file work39.txt (compact mmCIF, C-alpha atoms and all ligand atoms)
# COMPACT_ATOMS: atom_id res chain seq x y z
CA TYR A 1 290.30 79.21 92.09
CA LYS A 2 293.83 79.91 93.13
CA ARG A 3 295.97 77.35 91.31
CA VAL A 4 298.05 75.02 93.46
CA THR A 5 301.71 75.33 92.45
CA VAL A 6 304.90 73.52 93.41
CA LYS A 7 305.67 76.55 95.54
CA SER A 8 302.37 76.46 97.41
CA LEU A 9 303.06 72.83 98.37
CA THR A 10 306.29 73.85 100.15
CA GLU A 11 304.38 76.66 101.86
CA MET A 12 301.74 74.16 102.99
CA LYS A 13 304.45 72.01 104.55
CA SER A 14 306.02 74.94 106.37
CA ARG A 15 302.70 75.98 107.89
CA GLY A 16 301.81 72.39 108.76
CA GLU A 17 298.89 72.02 106.35
CA LYS A 18 298.68 68.46 105.04
CA ILE A 19 298.59 67.92 101.26
CA SER A 20 295.85 65.82 99.66
CA MET A 21 296.66 63.95 96.47
CA LEU A 22 294.65 61.44 94.40
CA THR A 23 295.08 59.80 91.02
CA ALA A 24 293.01 60.44 87.89
CA TYR A 25 293.42 59.18 84.35
CA ASP A 26 290.46 60.75 82.58
CA TYR A 27 288.53 64.00 82.24
CA THR A 28 285.35 63.11 84.13
CA MET A 29 287.08 61.69 87.19
CA ALA A 30 289.60 64.54 87.26
CA GLN A 31 286.76 67.07 87.18
CA ILE A 32 285.24 65.55 90.32
CA VAL A 33 288.60 65.25 92.09
CA ASP A 34 289.54 68.83 91.23
CA GLY A 35 286.12 70.17 92.19
CA ALA A 36 286.40 68.51 95.60
CA GLY A 37 289.49 70.58 96.34
CA ILE A 38 292.16 67.87 96.18
CA ASP A 39 295.51 69.69 96.01
CA VAL A 40 297.42 67.44 93.64
CA ILE A 41 296.17 65.14 90.88
CA LEU A 42 298.56 62.37 89.94
CA VAL A 43 298.27 60.88 86.48
CA GLY A 44 299.90 57.72 87.78
CA ASP A 45 301.30 54.90 85.71
CA SER A 46 298.91 52.88 87.89
CA ALA A 47 296.70 53.56 84.84
CA SER A 48 298.47 50.47 83.49
CA ASN A 49 296.69 48.39 86.16
CA VAL A 50 293.52 50.37 86.75
CA MET A 51 292.69 51.48 83.20
CA ALA A 52 294.30 48.82 81.03
CA GLY A 53 294.16 45.74 83.27
CA HIS A 54 297.87 44.93 83.15
CA GLU A 55 299.38 43.07 86.09
CA THR A 56 302.18 45.62 86.51
CA THR A 57 302.89 49.26 85.62
CA LEU A 58 305.61 48.26 83.15
CA PRO A 59 303.62 47.98 79.89
CA ILE A 60 302.10 51.48 79.78
CA THR A 61 303.70 53.68 77.11
CA LEU A 62 304.64 57.35 77.03
CA ASP A 63 301.98 57.97 74.36
CA GLN A 64 299.35 56.38 76.58
CA MET A 65 300.46 58.45 79.58
CA ILE A 66 300.22 61.59 77.46
CA TYR A 67 296.68 60.66 76.39
CA HIS A 68 295.60 60.17 80.04
CA ALA A 69 297.40 63.32 81.18
CA SER A 70 295.94 65.57 78.50
CA SER A 71 292.43 64.45 79.51
CA VAL A 72 293.15 65.22 83.17
CA VAL A 73 294.72 68.61 82.41
CA ARG A 74 291.55 69.74 80.60
CA ALA A 75 289.62 69.14 83.83
CA ALA A 76 292.01 70.53 86.44
CA ASN A 77 291.17 74.14 87.26
CA ARG A 78 292.83 74.26 90.67
CA ALA A 79 294.92 71.15 91.33
CA LEU A 80 298.57 70.75 90.43
CA VAL A 81 298.85 67.96 87.84
CA VAL A 82 301.78 65.54 88.23
CA VAL A 83 302.40 63.01 85.46
CA ASP A 84 304.36 59.76 85.92
CA LEU A 85 307.19 59.07 83.50
CA PRO A 86 306.45 55.46 82.53
CA PHE A 87 308.92 52.57 82.68
CA GLY A 88 311.37 52.67 79.80
CA SER A 89 310.99 56.37 79.08
CA TYR A 90 313.81 57.63 81.34
CA GLN A 91 316.08 54.81 82.52
CA SER A 92 318.43 54.61 79.51
CA ASP A 93 320.09 58.02 79.86
CA PRO A 94 319.44 61.60 81.00
CA LYS A 95 318.83 62.86 77.45
CA GLU A 96 316.10 60.30 76.90
CA ALA A 97 314.62 61.23 80.28
CA LEU A 98 314.53 64.91 79.34
CA ARG A 99 313.01 64.13 75.93
CA SER A 100 310.24 62.13 77.61
CA ALA A 101 309.59 64.83 80.19
CA ILE A 102 309.43 67.47 77.46
CA ARG A 103 306.93 65.38 75.50
CA ILE A 104 304.70 65.15 78.58
CA MET A 105 304.87 68.90 79.21
CA LYS A 106 304.28 69.89 75.56
CA GLU A 107 301.75 67.28 74.52
CA SER A 108 299.66 66.96 77.69
CA GLY A 109 299.99 70.35 79.35
CA GLY A 110 300.80 68.73 82.70
CA HIS A 111 302.54 70.86 85.31
CA SER A 112 305.26 68.49 86.50
CA ILE A 113 306.55 64.93 86.21
CA LYS A 114 307.26 62.13 88.68
CA LEU A 115 309.82 59.36 88.32
CA GLU A 116 310.94 56.46 90.49
CA GLY A 117 314.32 55.96 92.10
CA GLY A 118 317.20 57.56 93.96
CA LYS A 119 320.80 58.03 92.95
CA GLU A 120 320.35 55.80 89.88
CA VAL A 121 318.29 58.56 88.26
CA LYS A 122 320.07 61.59 89.74
CA GLU A 123 321.55 62.84 86.44
CA SER A 124 318.21 62.47 84.68
CA ILE A 125 316.46 64.46 87.40
CA LYS A 126 319.03 67.25 87.13
CA ARG A 127 318.68 67.45 83.36
CA ILE A 128 314.88 67.61 83.56
CA LEU A 129 315.04 70.27 86.27
CA ASN A 130 317.52 72.28 84.19
CA ALA A 131 314.86 72.52 81.50
CA GLY A 132 312.51 74.12 84.02
CA ILE A 133 310.32 71.07 84.52
CA PRO A 134 309.39 70.40 88.17
CA VAL A 135 310.19 66.86 89.33
CA MET A 136 308.57 64.80 92.08
CA GLY A 137 310.60 61.86 93.38
CA HIS A 138 309.29 58.42 94.40
CA LEU A 139 311.07 56.11 96.86
CA GLY A 140 310.28 53.03 98.92
CA LEU A 141 308.11 50.60 96.99
CA THR A 142 308.78 51.52 93.37
CA PRO A 143 306.44 49.40 91.24
CA GLN A 144 308.49 49.86 88.05
CA SER A 145 311.23 47.70 89.61
CA ILE A 146 308.86 45.03 90.88
CA TYR A 147 310.77 42.24 89.14
CA LYS A 148 313.95 43.21 91.01
CA PHE A 149 312.18 42.79 94.37
CA GLY A 150 309.64 40.13 93.46
CA THR A 151 306.96 41.29 95.92
CA TYR A 152 304.83 44.30 96.83
CA THR A 153 305.67 44.01 100.55
CA VAL A 154 306.79 46.83 102.87
CA ARG A 155 310.18 48.31 101.95
CA ALA A 156 313.17 49.53 103.99
CA LYS A 157 312.45 47.46 107.10
CA GLU A 158 316.14 46.57 107.32
CA GLU A 159 318.68 49.18 108.41
CA GLU A 160 320.72 49.05 105.20
CA GLU A 161 317.76 49.74 102.93
CA ALA A 162 316.46 52.41 105.33
CA GLN A 163 319.83 54.14 105.24
CA LYS A 164 319.87 54.15 101.42
CA LEU A 165 316.34 55.54 101.40
CA LYS A 166 317.33 58.41 103.70
CA GLU A 167 320.34 59.22 101.52
CA ASP A 168 318.23 59.09 98.37
CA ALA A 169 315.59 61.36 99.90
CA LEU A 170 318.19 63.95 100.82
CA MET A 171 319.73 63.66 97.34
CA LEU A 172 316.32 64.28 95.73
CA GLN A 173 315.87 67.43 97.79
CA LYS A 174 319.41 68.64 97.01
CA ALA A 175 318.94 67.93 93.29
CA GLY A 176 315.89 70.20 93.37
CA CYS A 177 312.81 67.94 93.46
CA PHE A 178 309.76 69.86 94.71
CA ALA A 179 308.34 66.88 96.64
CA LEU A 180 308.59 63.14 96.90
CA VAL A 181 306.32 60.15 97.30
CA LEU A 182 307.20 57.50 99.90
CA GLU A 183 305.39 54.26 99.20
CA LYS A 184 304.89 51.41 101.69
CA VAL A 185 307.68 52.02 104.21
CA PRO A 186 307.54 51.92 108.04
CA ALA A 187 305.77 54.97 109.52
CA LYS A 188 308.69 55.77 111.80
CA LEU A 189 311.16 55.91 108.92
CA ALA A 190 308.76 58.01 106.80
CA GLN A 191 308.30 60.50 109.63
CA GLU A 192 312.05 60.74 110.09
CA VAL A 193 312.50 61.49 106.38
CA ALA A 194 309.68 64.07 106.37
CA GLU A 195 311.13 65.83 109.40
CA SER A 196 314.62 65.94 107.92
CA LEU A 197 313.49 67.52 104.63
CA THR A 198 312.07 70.94 103.75
CA ILE A 199 310.25 69.61 100.66
CA PRO A 200 306.91 67.85 101.21
CA VAL A 201 306.86 64.08 101.59
CA ILE A 202 303.61 62.52 100.35
CA GLY A 203 302.94 59.07 101.74
CA ILE A 204 301.04 56.01 100.59
CA GLY A 205 301.20 53.29 103.20
CA ALA A 206 303.81 55.42 104.99
CA GLY A 207 301.88 56.47 108.10
CA ALA A 208 300.69 59.79 109.49
CA GLY A 209 304.03 61.47 110.14
CA VAL A 210 304.46 62.73 106.58
CA ASP A 211 303.31 65.95 104.88
CA GLY A 212 300.49 64.58 102.78
CA GLN A 213 298.71 61.46 101.58
CA VAL A 214 298.05 59.92 98.19
CA LEU A 215 295.74 57.05 97.25
CA VAL A 216 294.67 55.55 93.95
CA THR A 217 291.19 57.00 93.45
CA HIS A 218 289.67 53.75 92.15
CA ASP A 219 290.95 51.99 95.31
CA MET A 220 289.60 54.55 97.79
CA LEU A 221 286.24 54.51 95.98
CA GLY A 222 286.07 50.75 96.39
CA MET A 223 285.95 50.05 92.66
CA THR A 224 288.97 47.73 92.77
CA HIS A 225 287.62 45.41 95.46
CA GLU A 226 290.26 42.67 95.22
CA PHE A 227 293.08 45.03 96.28
CA ASN A 228 293.11 45.08 100.09
CA PRO A 229 296.33 46.44 101.57
CA ARG A 230 296.25 47.59 105.20
CA PHE A 231 296.94 51.22 104.24
CA LEU A 232 293.86 51.53 102.05
CA ARG A 233 290.85 53.33 103.53
CA ARG A 234 287.72 52.88 101.43
CA TYR A 235 285.39 55.89 101.33
CA LEU A 236 282.77 54.21 99.18
CA ASP A 237 281.83 50.69 98.16
CA MET A 238 281.53 51.52 94.49
CA HIS A 239 281.99 47.93 93.38
CA THR A 240 278.80 46.91 95.18
CA GLU A 241 276.95 50.11 94.24
CA MET A 242 277.84 49.84 90.56
CA THR A 243 277.15 46.13 90.37
CA SER A 244 273.68 46.67 91.76
CA ALA A 245 273.04 49.56 89.35
CA PHE A 246 274.13 47.45 86.36
CA GLU A 247 272.02 44.49 87.53
CA LYS A 248 269.01 46.72 87.99
CA TYR A 249 269.46 48.26 84.54
CA SER A 250 269.79 44.83 82.95
CA ALA A 251 266.64 43.60 84.72
CA ASP A 252 264.75 46.75 83.66
CA VAL A 253 265.78 46.28 80.02
CA LYS A 254 264.77 42.64 80.01
CA SER A 255 261.46 43.26 81.78
CA GLN A 256 260.82 46.20 79.41
CA ASP A 257 260.45 48.54 82.38
CA PHE A 258 263.10 50.73 80.73
CA PRO A 259 262.46 52.96 78.86
CA ASN A 260 259.05 54.06 80.07
CA GLU A 261 256.61 56.55 78.49
CA ASP A 262 258.56 59.58 79.82
CA GLU A 263 261.91 58.27 78.66
CA GLN A 264 261.22 58.33 74.93
CA TYR A 265 260.39 60.77 72.14
O1 LIG A 301 301.01 55.42 89.83
C1 LIG A 301 300.55 55.74 90.96
O2 LIG A 301 299.33 55.72 91.21
C2 LIG A 301 301.50 56.16 92.00
C3 LIG A 301 300.98 56.40 93.38
C4 LIG A 301 300.58 55.13 94.03
C5 LIG A 301 301.93 57.18 94.20
O3 LIG A 301 302.65 56.31 91.70
NA NA A 302 303.30 55.49 89.68
call {"tool": "encode", "arguments": {"input": "work39.txt", "output": "structure tokens"}}
result
Amino acid sequence: YKRVTVKSLTEMKSRGEKISMLTAYDYTMAQIVDGAGIDVILVGDSASNVMAGHETTLPITLDQMIYHASSVVRAANRALVVVDLPFGSYQSDPKEALRSAIRIMKESGGHSIKLEGGKEVKESIKRILNAGIPVMGHLGLTPQSIYKFGTYTVRAKEEEEAQKLKEDALMLQKAGCFALVLEKVPAKLAQEVAESLTIPVIGIGAGAGVDGQVLVTHDMLGMTHEFNPRFLRRYLDMHTEMTSAFEKYSADVKSQDFPNEDEQY
């Protein structure tokens, strides 16, 4: 396979090829995602919800992110691996941010990091980039600041917030980010941002006018069946499929149908 790089993503944007991105937190899932030809694998801090069952992304630690990322890296033969800097690992100061990013690169083998925010984290982004670590930005709905907003509703519907988002997006490009995620913002605004930038804009709940799409893999597989935002397209109903497999297995064990003559030594 030809490895996807931060450079190939920019080239994809300039030739109008959309970028596919999905999350993975473990080796087995990442192997399937990579093998299917997904361009970018995000080791998202959504692992805090999906893997650990926390209500928010705030509790996941840098050590835990490194564990997830190292498992994903061992499986990714083609995809570019992006690793989220978790809450608390970069907000204090740029030096702390760089230290955290270095730990991710050294200890997991990931290819780049992602962090949330605009001008608040500008100096941290610059310091990380100076060390040669590619940075992906993340604007719009930023789940690490959920307690500041209070809800997971659509962001930047008002002109003032939309204006700040546009300024932040331009700042991220100028600072040197190789791409950015726009989460849950109006499609028109997202398209405007994508058209004004040369770096790829990857959307989630941001409409079709951007340069690529990202979903949480467990959501698009229908494993997390209580999460039903409008932007989510389900490609499988894994919750139903898995439940019926587990029920069948349980029934087979109890009825002593499993294991049969051929399934033993
Ligand atoms: O953590 C995550 O899964 C993300 C995506 C939703 C962009 O940041
Ligand atoms: Na995230």
call {"tool": "axis_aligned_box", "arguments": {"input": "work39.txt", "around": "range 64-81 of chain A", "padding_each_side": "3 Å", "output": "JSON"}}
result
{"center_x": 295.0, "center_y": 65.3, "center_z": 83.9, "size_x": 16.8, "size_y": 23.9, "size_z": 20.9}
call {"tool": "residues_near_ligand", "arguments": {"input": "work39.txt", "ligand": "ligand LIG 301 (chain A)", "cutoff": "7 Å", "atoms": "all atoms listed in the file", "output": "list in words"}}
result
Thr23, Leu42, Val43, Gly44, Asp45, Ser46, Ala47, Asp84, Val181, Glu183, Ile204, Val214, Leu215 and Val216 of chain A
call {"tool": "closest_residue", "arguments": {"input": "work39.txt", "among": "A:His54, A:Arg78, A:His218, A:His68", "to": "Thr5 in chain A", "atoms": "all atoms listed in the file"}}
result
A:Arg78
call {"tool": "closest_atom_pairs", "arguments": {"input": "work39.txt", "of": "chain A", "to": "ligand NA 302 (chain A)", "cutoff": "12 Å", "atoms": "all atoms listed in the file", "output": "tab-separated table"}}
result
residue	atom	partner	partner_atom	distance
A:Leu22	CA	A:NA302	NA	11.5
A:Thr23	CA	A:NA302	NA	9.4
A:Ala24	CA	A:NA302	NA	11.6
A:Tyr25	CA	A:NA302	NA	11.8
A:Leu42	CA	A:NA302	NA	8.4
A:Val43	CA	A:NA302	NA	8.0
A:Gly44	CA	A:NA302	NA	4.5
A:Asp45	CA	A:NA302	NA	4.5
A:Ser46	CA	A:NA302	NA	5.4
A:Ala47	CA	A:NA302	NA	8.4
A:Ser48	CA	A:NA302	NA	9.3
A:Asn49	CA	A:NA302	NA	10.3
A:Val50	CA	A:NA302	NA	11.4
A:Thr56	CA	A:NA302	NA	10.4
A:Thr57	CA	A:NA302	NA	7.4
A:Leu58	CA	A:NA302	NA	10.0
A:Ile60	CA	A:NA302	NA	10.7
A:Met65	CA	A:NA302	NA	10.9
A:Val82	CA	A:NA302	NA	10.3
A:Val83	CA	A:NA302	NA	8.7
A:Asp84	CA	A:NA302	NA	5.8
A:Leu85	CA	A:NA302	NA	8.1
A:Pro86	CA	A:NA302	NA	7.8
A:Phe87	CA	A:NA302	NA	9.4
A:Ile113	CA	A:NA302	NA	10.6
A:Lys114	CA	A:NA302	NA	7.8
A:Leu115	CA	A:NA302	NA	7.7
A:Glu116	CA	A:NA302	NA	7.7
A:Gly117	CA	A:NA302	NA	11.3
A:Met136	CA	A:NA302	NA	11.0
A:Gly137	CA	A:NA302	NA	10.4
A:His138	CA	A:NA302	NA	8.2
A:Leu139	CA	A:NA302	NA	10.6
A:Gly140	CA	A:NA302	NA	11.8
A:Leu141	CA	A:NA302	NA	10.0
A:Thr142	CA	A:NA302	NA	7.7
A:Pro143	CA	A:NA302	NA	7.0
A:Gln144	CA	A:NA302	NA	7.8
A:Ser145	CA	A:NA302	NA	11.1
A:Ile146	CA	A:NA302	NA	11.9
A:Leu180	CA	A:NA302	NA	11.8
A:Val181	CA	A:NA302	NA	9.4
A:Leu182	CA	A:NA302	NA	11.1
A:Glu183	CA	A:NA302	NA	9.8
A:Ile204	CA	A:NA302	NA	11.2
A:Val214	CA	A:NA302	NA	10.9
A:Leu215	CA	A:NA302	NA	10.8
A:Val216	CA	A:NA302	NA	9.6
call {"tool": "residues_near_point", "arguments": {"input": "work39.txt", "point": "(304.9, 67.1, 104.3)", "cutoff": "6 Å", "atoms": "only C-alpha atoms", "output": "list in words"}}
result
Lys13, Pro200, Val201, Val210, Asp211 and Gly212 of chain A
call {"tool": "closest_residue", "arguments": {"input": "work39.txt", "among": "A:Leu62, A:Val121, A:Ile104, A:Val193", "to": "Gly207 in chain A", "atoms": "all atoms listed in the file"}}
result
A:Val193
call {"tool": "atom_distance", "arguments": {"input": "work39.txt", "atom1": "CA of Leu232 in chain A", "atom2": "CA of Ile38 in chain A"}}
result
17.4 Å
call {"tool": "residues_around", "arguments": {"input": "work39.txt", "residues": "Val73 in chain A", "least_positions_apart": "5", "cutoff": "8 Å", "atoms": "only C-alpha atoms", "output": "list in words"}}
result
Tyr27, Val81, Ser108, Gly109 and Gly110 of chain A
call {"tool": "atom_distance", "arguments": {"input": "work39.txt", "atom1": "CA of Gln91 in chain A", "atom2": "CA of Lys119 in chain A"}}
result
11.9 Å
call {"tool": "closest_residue", "arguments": {"input": "work39.txt", "among": "A:Thr240, A:Met105, A:Ala208, A:Val253", "to": "Met223 in chain A", "atoms": "all atoms listed in the file"}}
result
A:Thr240
